[in-house]
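Pasting my_file19.txt here (compact mmCIF, C-alpha atoms):
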# COMPACT_ATOMS: atom_id res chain seq x y z
CA MET A 7 0.00 0.00 0.00
CA SER A 8 1.08 3.56 -0.68
CA ASN A 9 1.46 6.99 0.86
CA PHE A 10 -0.90 9.23 -1.11
CA PHE A 11 -0.56 13.01 -0.85
CA LEU A 12 -3.82 14.67 -1.87
CA LEU A 13 -3.54 18.37 -2.74
CA SER A 14 -6.56 20.66 -3.05
CA SER A 15 -5.34 23.40 -5.39
CA ASN A 16 -8.38 25.70 -5.18
CA VAL A 17 -7.48 29.05 -3.60
CA ASN A 18 -10.48 31.03 -4.82
CA ILE A 19 -12.35 32.60 -1.89
CA ASP A 20 -15.04 34.45 -3.84
CA PRO A 21 -17.70 34.80 -2.62
CA TYR A 22 -16.59 32.51 0.24
CA PRO A 23 -14.05 29.69 0.73
CA VAL A 24 -15.46 26.26 -0.23
CA TYR A 25 -14.51 23.10 1.65
CA PRO A 26 -12.69 20.63 -0.69
CA LEU A 27 -15.42 17.98 -0.67
CA GLY A 28 -14.07 16.10 -3.68
CA MET A 29 -10.71 15.61 -1.99
CA ALA A 30 -12.40 14.43 1.22
CA VAL A 31 -14.50 11.86 -0.65
CA VAL A 32 -11.51 10.49 -2.59
CA ALA A 33 -9.53 10.34 0.67
CA THR A 34 -12.14 7.97 2.12
CA ALA A 35 -11.89 5.68 -0.90
CA LEU A 36 -8.09 5.63 -0.67
CA VAL A 37 -8.08 4.86 3.05
CA ASN A 38 -10.66 2.11 2.55
CA ALA A 39 -8.31 0.63 -0.07
CA GLY A 40 -5.55 0.50 2.53
CA HIS A 41 -3.55 3.58 1.60
CA ARG A 42 -2.17 6.22 3.96
CA VAL A 43 -3.48 9.67 3.01
CA TRP A 44 -2.56 13.27 3.76
CA GLN A 45 -5.22 15.82 2.77
CA TYR A 46 -3.33 19.03 2.08
CA ASP A 47 -5.21 22.24 1.26
CA HIS A 48 -3.14 24.95 -0.41
CA LEU A 49 -5.56 27.68 0.67
CA ALA A 50 -5.62 26.57 4.31
CA ALA A 51 -1.81 26.49 4.23
CA GLY A 52 -1.77 30.16 3.29
CA CYS A 53 -0.91 29.41 -0.36
CA SER A 54 2.65 28.94 0.89
CA ASP A 55 5.11 27.19 -1.39
CA HIS A 56 7.38 26.70 1.62
CA GLU A 57 4.65 24.85 3.54
CA LEU A 58 3.94 22.65 0.54
CA ARG A 59 7.59 21.69 0.19
CA LYS A 60 7.78 21.01 3.92
CA ALA A 61 4.70 18.76 3.84
CA LEU A 62 5.98 16.77 0.87
CA LYS A 63 9.31 16.13 2.59
CA GLU A 64 7.60 15.10 5.82
CA PHE A 65 5.10 12.72 4.22
CA ALA A 66 7.41 11.17 1.59
CA PRO A 67 4.55 10.24 -0.76
CA ASP A 68 4.46 7.44 -3.29
CA PHE A 69 1.86 9.36 -5.30
CA VAL A 70 0.66 12.96 -5.40
CA GLY A 71 -2.91 13.72 -6.44
CA ILE A 72 -4.01 17.24 -7.39
CA SER A 73 -7.69 18.18 -7.17
CA LEU A 74 -8.56 20.86 -9.73
CA ARG A 75 -11.93 22.42 -8.96
CA ASN A 76 -12.03 25.33 -11.42
CA ILE A 77 -10.21 26.48 -14.54
CA ASP A 78 -11.40 30.08 -14.16
CA ASN A 79 -14.19 32.08 -12.50
CA VAL A 80 -16.59 32.12 -15.53
CA ASP A 81 -16.79 35.93 -15.39
CA SER A 82 -16.06 37.56 -18.74
CA PHE A 83 -15.06 40.80 -17.00
CA SER A 84 -12.09 39.19 -15.25
CA ALA A 85 -11.38 36.20 -17.48
CA GLU A 86 -7.68 36.79 -17.99
CA LYS A 87 -6.90 37.70 -14.37
CA GLU A 88 -8.84 34.79 -12.88
CA TRP A 89 -7.38 31.97 -15.01
CA TYR A 90 -6.00 29.43 -12.57
CA LEU A 91 -3.97 26.96 -14.62
CA THR A 92 -0.75 28.98 -14.49
CA LYS A 93 -0.79 28.57 -10.70
CA ILE A 94 -1.51 24.84 -11.02
CA LYS A 95 1.42 24.46 -13.39
CA MET A 96 3.65 26.17 -10.81
CA LEU A 97 2.43 23.76 -8.11
CA VAL A 98 3.38 20.82 -10.33
CA GLU A 99 6.85 22.30 -10.80
CA ILE A 100 7.28 22.65 -7.02
CA ILE A 101 6.18 19.05 -6.48
CA ARG A 102 8.64 17.83 -9.12
CA GLN A 103 11.44 19.68 -7.36
CA GLU A 104 10.70 17.78 -4.14
CA THR A 105 9.80 14.30 -5.40
CA ALA A 106 9.91 12.15 -8.53
CA VAL A 107 6.72 10.21 -7.76
CA PRO A 108 3.80 10.15 -10.25
CA ILE A 109 1.48 13.17 -10.18
CA ILE A 110 -2.19 12.40 -10.83
CA VAL A 111 -4.67 15.19 -11.53
CA GLY A 112 -8.45 15.03 -11.30
CA GLY A 113 -11.50 17.02 -10.27
CA PRO A 114 -14.30 18.79 -12.18
CA GLY A 115 -12.06 21.48 -13.63
CA PHE A 116 -9.67 18.90 -15.03
CA SER A 117 -12.47 16.69 -16.33
CA ILE A 118 -13.77 19.43 -18.62
CA LEU A 119 -10.51 19.65 -20.62
CA PRO A 120 -8.42 16.64 -19.60
CA GLY A 121 -6.11 16.36 -22.59
CA GLU A 122 -5.28 20.04 -22.81
CA ILE A 123 -4.81 20.46 -19.05
CA ILE A 124 -2.65 17.40 -18.47
CA ASN A 125 -0.32 18.54 -21.23
CA TYR A 126 -0.23 22.14 -20.02
CA ILE A 127 0.54 21.37 -16.37
CA ASP A 128 2.64 18.29 -17.23
CA ALA A 129 1.07 15.77 -14.85
CA ASN A 130 1.73 12.04 -15.27
CA TYR A 131 -1.84 10.76 -15.13
CA GLY A 132 -5.36 12.15 -15.11
CA VAL A 133 -8.70 10.84 -13.83
CA VAL A 134 -11.83 12.13 -15.56
CA GLY A 135 -15.09 12.20 -13.61
CA GLU A 136 -15.73 10.74 -10.17
CA GLY A 137 -12.52 9.38 -8.72
CA GLU A 138 -13.29 7.03 -5.84
CA ARG A 139 -13.11 3.77 -7.78
CA THR A 140 -11.09 4.95 -10.78
CA LEU A 141 -8.19 6.36 -8.77
CA CYS A 142 -7.89 3.27 -6.58
CA ASP A 143 -7.85 1.06 -9.70
CA LEU A 144 -5.13 3.24 -11.25
CA ILE A 145 -2.93 3.03 -8.16
CA ALA A 146 -3.35 -0.76 -8.02
CA LYS A 147 -2.11 -1.02 -11.60
CA LEU A 148 0.85 1.28 -11.00
CA GLU A 149 1.80 -0.55 -7.81
CA ALA A 150 1.77 -3.81 -9.76
CA GLY A 151 3.99 -2.34 -12.47
CA GLN A 152 1.23 -2.62 -15.07
CA PHE A 153 0.59 -0.24 -17.94
CA ALA A 154 -2.04 2.45 -17.38
CA PRO A 155 -3.24 5.01 -19.92
CA ARG A 156 -2.28 8.59 -19.19
CA ILE A 157 -5.94 9.68 -18.96
CA ILE A 158 -8.55 7.37 -17.47
CA LYS A 159 -12.20 8.10 -18.21
CA ASN A 160 -15.02 6.35 -16.40
CA ASN A 161 -18.36 7.49 -17.78
CA LYS A 162 -20.13 4.12 -17.91
CA ASN A 163 -19.76 2.27 -14.60
CA LEU A 164 -20.75 5.20 -12.41
CA LEU A 165 -21.22 4.69 -8.70
CA THR A 166 -24.67 4.20 -7.24
CA GLY A 167 -25.76 6.26 -4.27
CA SER A 168 -24.86 3.50 -1.82
CA GLU A 169 -21.39 3.15 -3.41
CA MET A 170 -20.50 6.85 -3.12
CA ALA A 171 -17.91 7.41 -0.43
CA SER A 172 -18.71 9.68 2.49
CA PRO A 173 -16.18 12.48 3.09
CA ARG A 174 -13.21 11.87 5.35
CA TRP A 175 -13.28 15.05 7.39
CA ASP A 176 -9.99 16.64 8.37
CA LYS A 177 -10.33 18.48 11.67
CA ASP A 178 -7.90 21.28 10.84
CA LEU A 179 -9.48 21.89 7.43
CA VAL A 180 -13.02 21.82 8.83
CA ASN A 181 -12.06 24.39 11.47
CA PHE A 182 -10.39 26.55 8.82
CA TYR A 183 -13.49 26.65 6.60
CA ILE A 184 -15.96 27.04 9.45
CA GLU A 185 -13.96 30.02 10.69
CA ARG A 186 -14.07 31.68 7.27
CA SER A 187 -17.39 30.68 5.73
CA GLY A 188 -19.38 29.18 8.59
CA MET A 189 -20.36 26.07 6.60
CA ILE A 190 -19.22 22.93 4.84
CA ASN A 191 -20.72 21.22 1.80
CA LEU A 192 -22.18 17.79 1.07
CA GLN A 193 -23.77 15.99 -1.90
CA THR A 194 -27.08 14.12 -1.79
CA LYS A 195 -26.97 12.99 -5.42
CA ARG A 196 -24.96 13.04 -8.63
CA GLY A 197 -26.03 13.41 -12.24
CA CYS A 198 -28.31 15.83 -14.10
CA THR A 199 -31.32 14.90 -16.23
CA TYR A 200 -31.62 18.33 -17.86
CA ASN A 201 -30.02 19.46 -21.10
CA CYS A 202 -29.12 23.15 -20.72
CA ASN A 203 -26.99 23.96 -23.73
CA TYR A 204 -24.03 25.54 -21.91
CA CYS A 205 -23.73 23.22 -18.89
CA THR A 206 -21.06 20.62 -18.12
CA TYR A 207 -22.82 18.79 -15.26
CA PRO A 208 -24.24 16.02 -17.50
CA ILE A 209 -20.75 15.58 -18.95
CA LEU A 210 -19.10 15.46 -15.52
CA GLU A 211 -21.67 13.43 -13.57
CA GLY A 212 -23.76 11.71 -16.24
CA ARG A 213 -27.37 12.22 -17.28
CA ARG A 214 -28.80 9.64 -14.89
CA LEU A 215 -29.72 10.74 -11.39
CA ARG A 216 -27.93 8.71 -8.70
CA THR A 217 -29.31 9.51 -5.27
CA LYS A 218 -27.93 8.71 -1.84
CA GLU A 219 -30.27 7.05 0.61
CA PRO A 220 -31.74 9.68 2.96
CA GLU A 221 -30.42 7.70 5.94
CA LYS A 222 -26.88 7.93 4.55
CA VAL A 223 -27.15 11.69 4.06
CA VAL A 224 -28.45 12.09 7.61
CA GLU A 225 -25.61 9.92 8.90
CA GLU A 226 -23.05 12.18 7.19
CA ILE A 227 -24.71 15.27 8.65
CA LYS A 228 -24.84 13.80 12.15
CA GLN A 229 -21.18 12.83 11.94
CA ALA A 230 -20.21 16.40 10.99
CA LYS A 231 -22.36 17.82 13.80
CA GLU A 232 -21.01 15.44 16.43
CA MET A 233 -17.37 15.75 15.40
CA PHE A 234 -17.19 19.50 14.77
CA GLY A 235 -20.43 21.12 15.94
CA ILE A 236 -21.36 21.99 12.35
CA ASP A 237 -24.86 23.41 12.00
CA THR A 238 -24.77 24.90 8.48
CA ILE A 239 -24.40 22.94 5.21
CA PHE A 240 -24.53 23.80 1.53
CA PHE A 241 -25.76 20.86 -0.55
CA ALA A 242 -23.59 20.89 -3.65
CA ASP A 243 -25.94 18.94 -5.94
CA SER A 244 -26.18 20.27 -9.49
CA ILE A 245 -29.89 20.87 -8.76
CA PHE A 246 -31.37 20.11 -5.35
CA ASN A 247 -35.07 19.92 -6.33
CA ASP A 248 -34.86 16.85 -8.57
CA LYS A 249 -37.77 15.45 -10.62
CA SER A 250 -37.91 12.29 -8.52
CA ASP A 251 -38.75 14.31 -5.36
CA HIS A 252 -35.81 12.73 -3.54
CA TYR A 253 -35.19 16.18 -2.07
CA LEU A 254 -38.60 16.18 -0.37
CA ILE A 255 -37.94 12.76 1.16
CA LEU A 256 -34.66 14.18 2.46
CA ALA A 257 -36.42 17.17 4.01
CA GLU A 258 -38.92 14.88 5.73
CA GLU A 259 -36.03 12.80 7.09
CA PHE A 260 -34.31 15.94 8.40
CA LEU A 261 -37.48 16.79 10.30
CA LYS A 262 -37.95 13.24 11.56
CA GLN A 263 -34.39 13.14 12.86
CA GLU A 264 -34.70 16.64 14.41
CA LEU A 265 -31.34 17.68 12.99
CA ASP A 266 -31.59 21.37 13.96
CA LEU A 267 -29.80 22.26 10.72
CA ARG A 268 -29.42 25.36 8.58
CA TRP A 269 -28.93 24.42 4.94
CA TYR A 270 -28.70 25.88 1.47
CA GLY A 271 -28.78 24.47 -2.06
CA PHE A 272 -28.94 25.23 -5.77
CA PHE A 273 -32.47 25.13 -7.19
CA ARG A 274 -34.36 25.11 -10.48
CA PRO A 275 -37.26 27.65 -10.43
CA GLN A 276 -39.87 25.17 -11.59
CA GLY A 277 -42.07 22.50 -10.06
CA ILE A 278 -41.69 23.77 -6.52
CA ARG A 279 -44.46 25.76 -4.86
CA ALA A 280 -45.71 26.84 -1.44
CA LYS A 281 -46.32 23.35 -0.03
CA GLU A 282 -42.84 22.13 -0.94
CA LEU A 283 -41.17 25.35 0.19
CA ASN A 284 -42.91 25.19 3.55
CA LEU A 285 -41.61 21.65 4.09
CA LEU A 286 -38.09 22.66 3.06
CA LYS A 287 -38.08 25.69 5.34
CA ARG A 288 -39.27 23.65 8.30
CA SER A 289 -36.44 21.19 7.63
CA GLY A 290 -33.86 23.98 7.85
CA LEU A 291 -33.69 25.56 4.38
CA SER A 292 -32.40 29.10 4.96
CA ALA A 293 -31.66 30.41 1.44
CA MET A 294 -31.71 29.26 -2.18
CA GLU A 295 -29.37 29.89 -5.11
CA VAL A 296 -31.43 29.69 -8.29
CA GLY A 297 -30.43 28.73 -11.83
CA THR A 298 -32.80 31.08 -13.60
CA ASP A 299 -30.09 31.74 -16.22
CA ALA A 300 -32.09 34.05 -18.51
CA ALA A 301 -34.66 36.79 -18.08
CA CYS A 302 -37.16 36.32 -20.91
CA ASP A 303 -38.74 33.41 -22.73
CA VAL A 304 -36.73 33.85 -25.94
CA MET A 305 -33.48 33.57 -24.01
CA LEU A 306 -34.71 30.73 -21.81
CA ALA A 307 -35.56 28.79 -24.97
CA GLY A 308 -32.15 29.68 -26.41
CA LEU A 309 -30.52 28.00 -23.39
CA ASN A 310 -32.95 25.03 -23.54
CA LYS A 311 -34.11 25.69 -19.98
CA GLN A 312 -37.59 24.18 -20.53
CA PHE A 313 -39.41 26.65 -18.33
CA THR A 314 -40.80 30.15 -18.84
CA PHE A 315 -40.24 33.41 -17.02
CA GLU A 316 -43.78 33.16 -15.64
CA ASP A 317 -42.57 30.01 -13.88
CA VAL A 318 -39.79 32.12 -12.38
CA ILE A 319 -42.28 34.79 -11.24
CA GLU A 320 -44.51 32.17 -9.64
CA PHE A 321 -41.49 30.63 -7.90
CA ASN A 322 -40.42 34.08 -6.66
CA ARG A 323 -43.86 34.78 -5.21
CA ALA A 324 -43.86 31.48 -3.34
CA CYS A 325 -40.38 32.15 -1.93
CA VAL A 326 -41.40 35.61 -0.76
CA LYS A 327 -44.53 34.23 0.89
CA GLU A 328 -42.39 31.71 2.80
CA GLU A 329 -39.76 34.41 3.47
CA ILE A 330 -36.92 32.39 1.97
CA PRO A 331 -34.04 34.52 0.62
CA THR A 332 -33.17 33.68 -2.98
CA ALA A 333 -30.46 34.69 -5.44
CA HIS A 334 -31.19 34.41 -9.16
CA PHE A 335 -28.20 33.96 -11.48
CA ILE A 336 -28.93 35.37 -14.93
CA MET A 337 -26.77 35.49 -18.06
CA PHE A 338 -27.13 38.12 -20.78
CA GLY A 339 -25.75 37.86 -24.29
CA GLY A 340 -26.59 34.21 -24.95
CA PRO A 341 -28.05 32.59 -28.07
CA ASN A 342 -30.78 34.68 -29.77
CA GLU A 343 -30.06 37.74 -27.58
CA THR A 344 -30.87 41.12 -29.13
CA MET A 345 -31.12 44.54 -27.57
CA ALA A 346 -34.90 44.02 -27.54
CA THR A 347 -34.55 40.86 -25.44
CA VAL A 348 -32.03 42.58 -23.16
CA LYS A 349 -34.57 45.34 -22.44
CA GLU A 350 -37.38 42.82 -22.02
CA GLY A 351 -35.23 40.82 -19.62
CA LEU A 352 -34.39 43.86 -17.51
CA LYS A 353 -38.11 44.72 -17.25
CA ASN A 354 -38.84 41.15 -16.19
CA ILE A 355 -36.16 41.30 -13.51
CA GLN A 356 -37.96 44.31 -12.02
CA ARG A 357 -40.88 41.93 -11.36
CA LEU A 358 -38.73 39.78 -9.07
CA LYS A 359 -39.33 40.87 -5.47
CA ARG A 360 -37.35 40.44 -2.26
CA CYS A 361 -34.44 38.62 -3.88
CA VAL A 362 -30.91 39.16 -5.15
CA VAL A 363 -30.04 39.04 -8.86
CA PHE A 364 -26.50 38.35 -10.06
CA ALA A 365 -26.13 39.21 -13.75
CA PHE A 366 -23.36 37.94 -16.03
CA GLY A 367 -22.30 39.13 -19.46
CA GLY A 368 -21.63 36.29 -21.90
CA ILE A 369 -21.49 32.53 -21.37
CA ARG A 370 -18.27 30.57 -20.83
CA ILE A 371 -17.93 28.05 -23.67
CA HIS A 372 -16.90 24.51 -22.69
CA PRO A 373 -16.18 21.64 -25.08
CA GLY A 374 -18.90 19.05 -25.57
CA THR A 375 -21.72 21.51 -24.94
CA GLN A 376 -24.35 22.59 -27.46
CA ILE A 377 -23.29 26.21 -27.15
CA ASN A 378 -19.80 25.17 -28.25
CA ALA A 379 -21.26 23.73 -31.47
CA ARG A 380 -23.32 26.85 -32.01
CA ALA A 381 -20.31 29.12 -31.50
CA ILE A 382 -18.45 27.16 -34.19
CA GLN A 383 -21.44 27.38 -36.52
CA GLU A 384 -21.66 31.16 -36.04
CA GLY A 385 -17.92 31.66 -36.54
CA ILE A 386 -17.29 32.73 -32.94
CA LEU A 387 -15.00 29.72 -32.51
CA ASN A 388 -12.66 27.80 -34.75
CA PRO A 389 -13.25 24.02 -34.43
CA LYS A 390 -9.57 23.67 -33.49
CA ASP A 391 -9.75 26.17 -30.60
CA ALA A 392 -8.65 24.40 -27.40
CA LEU A 393 -10.74 26.53 -24.99
CA LEU A 394 -8.04 26.13 -22.37
CA LYS A 395 -8.22 29.88 -21.81
CA PRO A 396 -11.70 31.34 -21.33
CA VAL A 397 -13.76 32.07 -24.44
CA TYR A 398 -17.24 33.54 -24.03
CA TYR A 399 -20.30 33.29 -26.21
CA PHE A 400 -21.89 36.62 -27.05
CA SER A 401 -24.79 36.81 -29.47
CA PRO A 402 -23.69 38.38 -32.76
CA ASN A 403 -26.90 40.45 -32.61
CA ILE A 404 -25.82 42.65 -29.71
CA ASP A 405 -23.27 45.33 -28.97
CA GLN A 406 -21.59 44.18 -25.75
CA ALA A 407 -20.79 47.68 -24.51
CA ILE A 408 -24.36 48.89 -25.01
CA MET A 409 -25.74 45.74 -23.37
CA ASN A 410 -23.50 46.30 -20.34
CA GLU A 411 -24.57 49.94 -20.10
CA ASN A 412 -28.23 48.92 -20.10
CA ILE A 413 -27.72 46.37 -17.33
CA THR A 414 -25.64 48.77 -15.23
CA SER A 415 -28.25 51.51 -15.59
CA ALA A 416 -31.14 49.18 -14.68
CA PHE A 417 -29.33 47.95 -11.58
CA HIS A 418 -28.13 51.37 -10.42
CA GLY A 419 -28.92 52.12 -6.79
CA ARG A 420 -30.05 48.58 -6.01
CA ARG A 421 -27.88 46.77 -3.47
CA ASP A 422 -29.74 43.54 -4.34
CA ARG A 423 -28.95 43.80 -8.07
CA ILE A 424 -25.34 42.96 -8.84
CA PHE A 425 -23.45 43.49 -12.11
CA PRO A 426 -20.75 42.69 -12.98
CA PRO A 427 -20.11 39.77 -10.58
CA SER A 428 -16.92 41.43 -9.33
CA GLU A 429 -19.09 44.18 -7.86
CA GLY A 430 -20.80 41.56 -5.71
CA LEU A 431 -17.47 40.21 -4.54
CA ILE A 432 -16.53 43.66 -3.25
CA ARG A 433 -19.76 43.84 -1.24
CA MET A 434 -19.36 40.31 0.10
CA ALA A 435 -15.76 40.95 1.13
CA THR A 436 -16.90 44.02 3.07
CA MET A 437 -19.55 41.98 4.88
CA ASN A 438 -17.01 39.27 5.63
CA ARG A 439 -14.69 41.83 7.23
CA PHE A 440 -17.56 42.85 9.51
CA GLY A 441 -17.81 39.26 10.74
CA TYR A 442 -20.65 37.92 8.60
CA ARG A 443 -20.40 34.23 7.61
CA GLY A 444 -22.34 32.02 5.24
CA LEU A 445 -23.68 32.89 1.80
CA LEU A 446 -23.52 36.63 2.65
CA TRP A 447 -25.78 37.70 -0.22
CA ASP A 448 -28.80 36.53 1.82
CA LYS A 449 -28.16 39.45 4.19
CA LEU A 450 -29.20 41.74 1.31
CA VAL A 451 -32.77 40.39 1.40
CA SER A 452 -35.29 41.70 3.90
CA PHE A 453 -38.89 40.65 4.49
CA GLU A 454 -39.69 43.32 7.04
CA LYS A 455 -43.09 44.98 6.59
CA TYR A 456 -43.88 42.65 3.72
CA PRO A 457 -47.67 42.13 3.47
CA LYS A 458 -48.80 38.56 3.99
Since I need it in another form, could you write the structure as structure tokens?
Amino acid sequence: MSNFFLLSSNVNIDPYPVYPLGMAVVATALVNAGHRVWQYDHLAAGCSDHELRKALKEFAPDFVGISLRNIDNVDSFSAEKEWYLTKIKMLVEIIRQETAVPIIVGGPGFSILPGEIINYIDANYGVVGEGERTLCDLIAKLEAGQFAPRIIKNNKNLLTGSEMASPRWDKDLVNFYIERSGMINLQTKRGCTYNCNYCTYPILEGRRLRTKEPEKVVEEIKQAKEMFGIDTIFFADSIFNDKSDHYLILAEEFLKQELDLRWYGFFRPQGIRAKELNLLKRSGLSAMEVGTDAACDVMLAGLNKQFTFEDVIEFNRACVKEEIPTAHFIMFGGPNETMATVKEGLKNIQRLKRCVVFAFGGIRIHPGTQINARAIQEGILNPKDALLKPVYYFSPNIDQAIMNENITSAFHGRRDRIFPPSEGLIRMATMNRFGYRGLLWDKLVSFEKYPK
């Protein structure tokens, strides 16, 4: 068996630091396979090259695994500045200076562009998709001196909910993230059954929903509460309110077990009304991040969202009635966008009450998505473009500068309307300095004096 040094490379703290859940889950699988594991977080170590070198010397690993969460921050306004692969390449160089053992890279960021990334950062091996089983199989082959392909993809034999490893919590890392964000994250399912034309979740996790048993989710929550006193969790599912209503069964189990939990999640603004929201709130739901994505029906159809803006309005009304803070994430400039749809979208956003709206200009293009094919068809992309550095889709029917001016003007004077995203980060950083923890944006929503 081997010494395996797991390195979480994510140092992005906007809008808040995110616990390295993927690393913790893979750590469990490695330990269960008999390996000795060190979970090392570059952010928690102060992004210190010296500390990384020191840890590598102390642990003397047989393998080093790098978890790559993001390639960039998907914000067209800061695309060049917030491109992370240069830093990852530097980490690989530091590791190579300290040890000659194989370097294996994985994680969602890597899985989007595995060939391009592994060549750019010069890692030895790469694991695409979920890594619990695949990484252990790779190590077994390497330990036995057998040949292994440089990139291993597992998109067929995906783990069932009962097979998914629970996270191996690291006390120091948990304390670090609780101190800075007030919460940790968990998954209740993997996979996405929707087909939004820009999204990589079906590519990363598959199109079949694989749910954890409610009892297993509760067990993970109880363990985190008992070990560390954690009372706030963000569920990192691609969409929490799934078609199978697994999320409602979970909420009922939370109530049955009397978990006394505050929790958040990412929601689709469709198929969830007052009855469901009331149950979720009673189970501990404290705020919702919402994948609205577009602000009028033409643009929603252009993204293949399969709901209308009236669905969004109805969802908003139900959330306000239950006094649940929500943040809608909306992209402008997508397929079929014109200045007429921009103006229509901004008028529609005015109809959203008691919520935060984060607006984005352009859509980050990823390989394998429908928007990638459309960008090639419209001449925005060359089929040979690697997309390693951020490229954004903007409708050829708009003037980007004029679009941005319209959004800025419509949002002027509204603390709950944020554009560009970097403006929100400034506000959140200010709140963080004043001691606020959690999502932070939810503090911008007030239900005082709201008529019932």
Atom pair atom CA of A:Ile77 + atom CA of A:Leu91, distance 6.3 Å
So which residues fall inside 12 Å of (-7.0, 1.6, -11.3) if we count all atoms listed in the file? Mind giving them as a ChimeraX atom specification? /A:36,39,110,131-133,137-160
Can you write just those residues out, C-alpha atoms, as a PDB file, keeping the file's coordinate frame?
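again27.pdb was written with the following content:
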ATOM      1  CA  LEU A  36      -8.090   5.630  -0.670  1.00  0.00           C
ATOM      2  CA  ALA A  39      -8.310   0.630  -0.070  1.00  0.00           C
ATOM      3  CA  ILE A 110      -2.190  12.400 -10.830  1.00  0.00           C
ATOM      4  CA  TYR A 131      -1.840  10.760 -15.130  1.00  0.00           C
ATOM      5  CA  GLY A 132      -5.360  12.150 -15.110  1.00  0.00           C
ATOM      6  CA  VAL A 133      -8.700  10.840 -13.830  1.00  0.00           C
ATOM      7  CA  GLY A 137     -12.520   9.380  -8.720  1.00  0.00           C
ATOM      8  CA  GLU A 138     -13.290   7.030  -5.840  1.00  0.00           C
ATOM      9  CA  ARG A 139     -13.110   3.770  -7.780  1.00  0.00           C
ATOM     10  CA  THR A 140     -11.090   4.950 -10.780  1.00  0.00           C
ATOM     11  CA  LEU A 141      -8.190   6.360  -8.770  1.00  0.00           C
ATOM     12  CA  CYS A 142      -7.890   3.270  -6.580  1.00  0.00           C
ATOM     13  CA  ASP A 143      -7.850   1.060  -9.700  1.00  0.00           C
ATOM     14  CA  LEU A 144      -5.130   3.240 -11.250  1.00  0.00           C
ATOM     15  CA  ILE A 145      -2.930   3.030  -8.160  1.00  0.00           C
ATOM     16  CA  ALA A 146      -3.350  -0.760  -8.020  1.00  0.00           C
ATOM     17  CA  LYS A 147      -2.110  -1.020 -11.600  1.00  0.00           C
ATOM     18  CA  LEU A 148       0.850   1.280 -11.000  1.00  0.00           C
ATOM     19  CA  GLU A 149       1.800  -0.550  -7.810  1.00  0.00           C
ATOM     20  CA  ALA A 150       1.770  -3.810  -9.760  1.00  0.00           C
ATOM     21  CA  GLY A 151       3.990  -2.340 -12.470  1.00  0.00           C
ATOM     22  CA  GLN A 152       1.230  -2.620 -15.070  1.00  0.00           C
ATOM     23  CA  PHE A 153       0.590  -0.240 -17.940  1.00  0.00           C
ATOM     24  CA  ALA A 154      -2.040   2.450 -17.380  1.00  0.00           C
ATOM     25  CA  PRO A 155      -3.240   5.010 -19.920  1.00  0.00           C
ATOM     26  CA  ARG A 156      -2.280   8.590 -19.190  1.00  0.00           C
ATOM     27  CA  ILE A 157      -5.940   9.680 -18.960  1.00  0.00           C
ATOM     28  CA  ILE A 158      -8.550   7.370 -17.470  1.00  0.00           C
ATOM     29  CA  LYS A 159     -12.200   8.100 -18.210  1.00  0.00           C
ATOM     30  CA  ASN A 160     -15.020   6.350 -16.400  1.00  0.00           C
TER      31      ASN A 160
END
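Taking atom CA of A:Thr194 and atom CA of A:Glu219 as the two end points, the separation is 8.1 Å.
Nearest to A:Ile413 of all the residues A:Thr375, A:Gln356, A:Ser8, A:Thr166 is A:Gln356, counting all atoms listed in the file.
Residues with any atom within 10 Å of the point (-0.6, 18.6, -15.5), counting all atoms listed in the file, are Ile72, Leu91, Ile94, Lys95, Met96, Leu97, Val98, Glu99, Ile109, Ile110, Val111, Gly112, Phe116, Pro120, Gly121, Glu122, Ile123, Ile124, Asn125, Tyr126, Ile127, Asp128, Ala129, Asn130, Tyr131 and Gly132 of chain A.
Within 9 Å of stretch 358-362 of chain A, once only C-alpha atoms are used and residues closer than 6 positions along the same chain are dropped, the contacting residues are A:Val318, A:Ile319, A:Asn322, A:Arg323, A:Cys325, A:Val326, A:Glu329, A:Ile330, A:Pro331, A:Thr332, A:Ala333, A:His334, A:Phe335, A:Arg421, A:Asp422, A:Arg423, A:Ile424, A:Trp447, A:Asp448, A:Leu450, A:Val451, A:Ser452, A:Phe453.
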Using only C-alpha atoms, which of A:Glu316, A:Lys281, A:Thr206, A:Gly135 sits nearest A:Asn354? A:Glu316
Determine the nearest neighbour of A:Leu291 from the options A:Glu225, A:Glu57, A:Asp237, A:Asp248, counting all atoms listed in the file. A:Asp237
Leaving out A:Asn201 and any residue of its chain fewer than 4 positions from it, which residues lie within 8 Å of it when counting only C-alpha atoms, given as a PDB file with C-alpha atoms, keeping the file's coordinate frame?
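Below is the file that was written, selection_18.pdb:
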ATOM      1  CA  CYS A 205     -23.730  23.220 -18.890  1.00  0.00           C
ATOM      2  CA  PRO A 208     -24.240  16.020 -17.500  1.00  0.00           C
ATOM      3  CA  ASN A 310     -32.950  25.030 -23.540  1.00  0.00           C
ATOM      4  CA  LYS A 311     -34.110  25.690 -19.980  1.00  0.00           C
TER       5      LYS A 311
END
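Taking atom CA of A:Leu446 as the reference point, atom CA of A:Ile239 is found at 14.0 Å.
Taking all atoms listed in the file into account, A:Asp251 lies nearest to A:Ile278 out of the set A:Met7, A:Val31, A:Leu192, A:Ile278.
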The residue from A:Met305, A:Met345, A:Ala293, A:Ala30 with the smallest atom-to-atom distance to A:Ile408, counting all atoms listed in the file, is A:Met345
With all atoms listed in the file as the basis for distance, which of A:Arg274, A:Arg288, A:Arg357, A:Lys395 is at the shortest distance from A:Pro373? A:Lys395
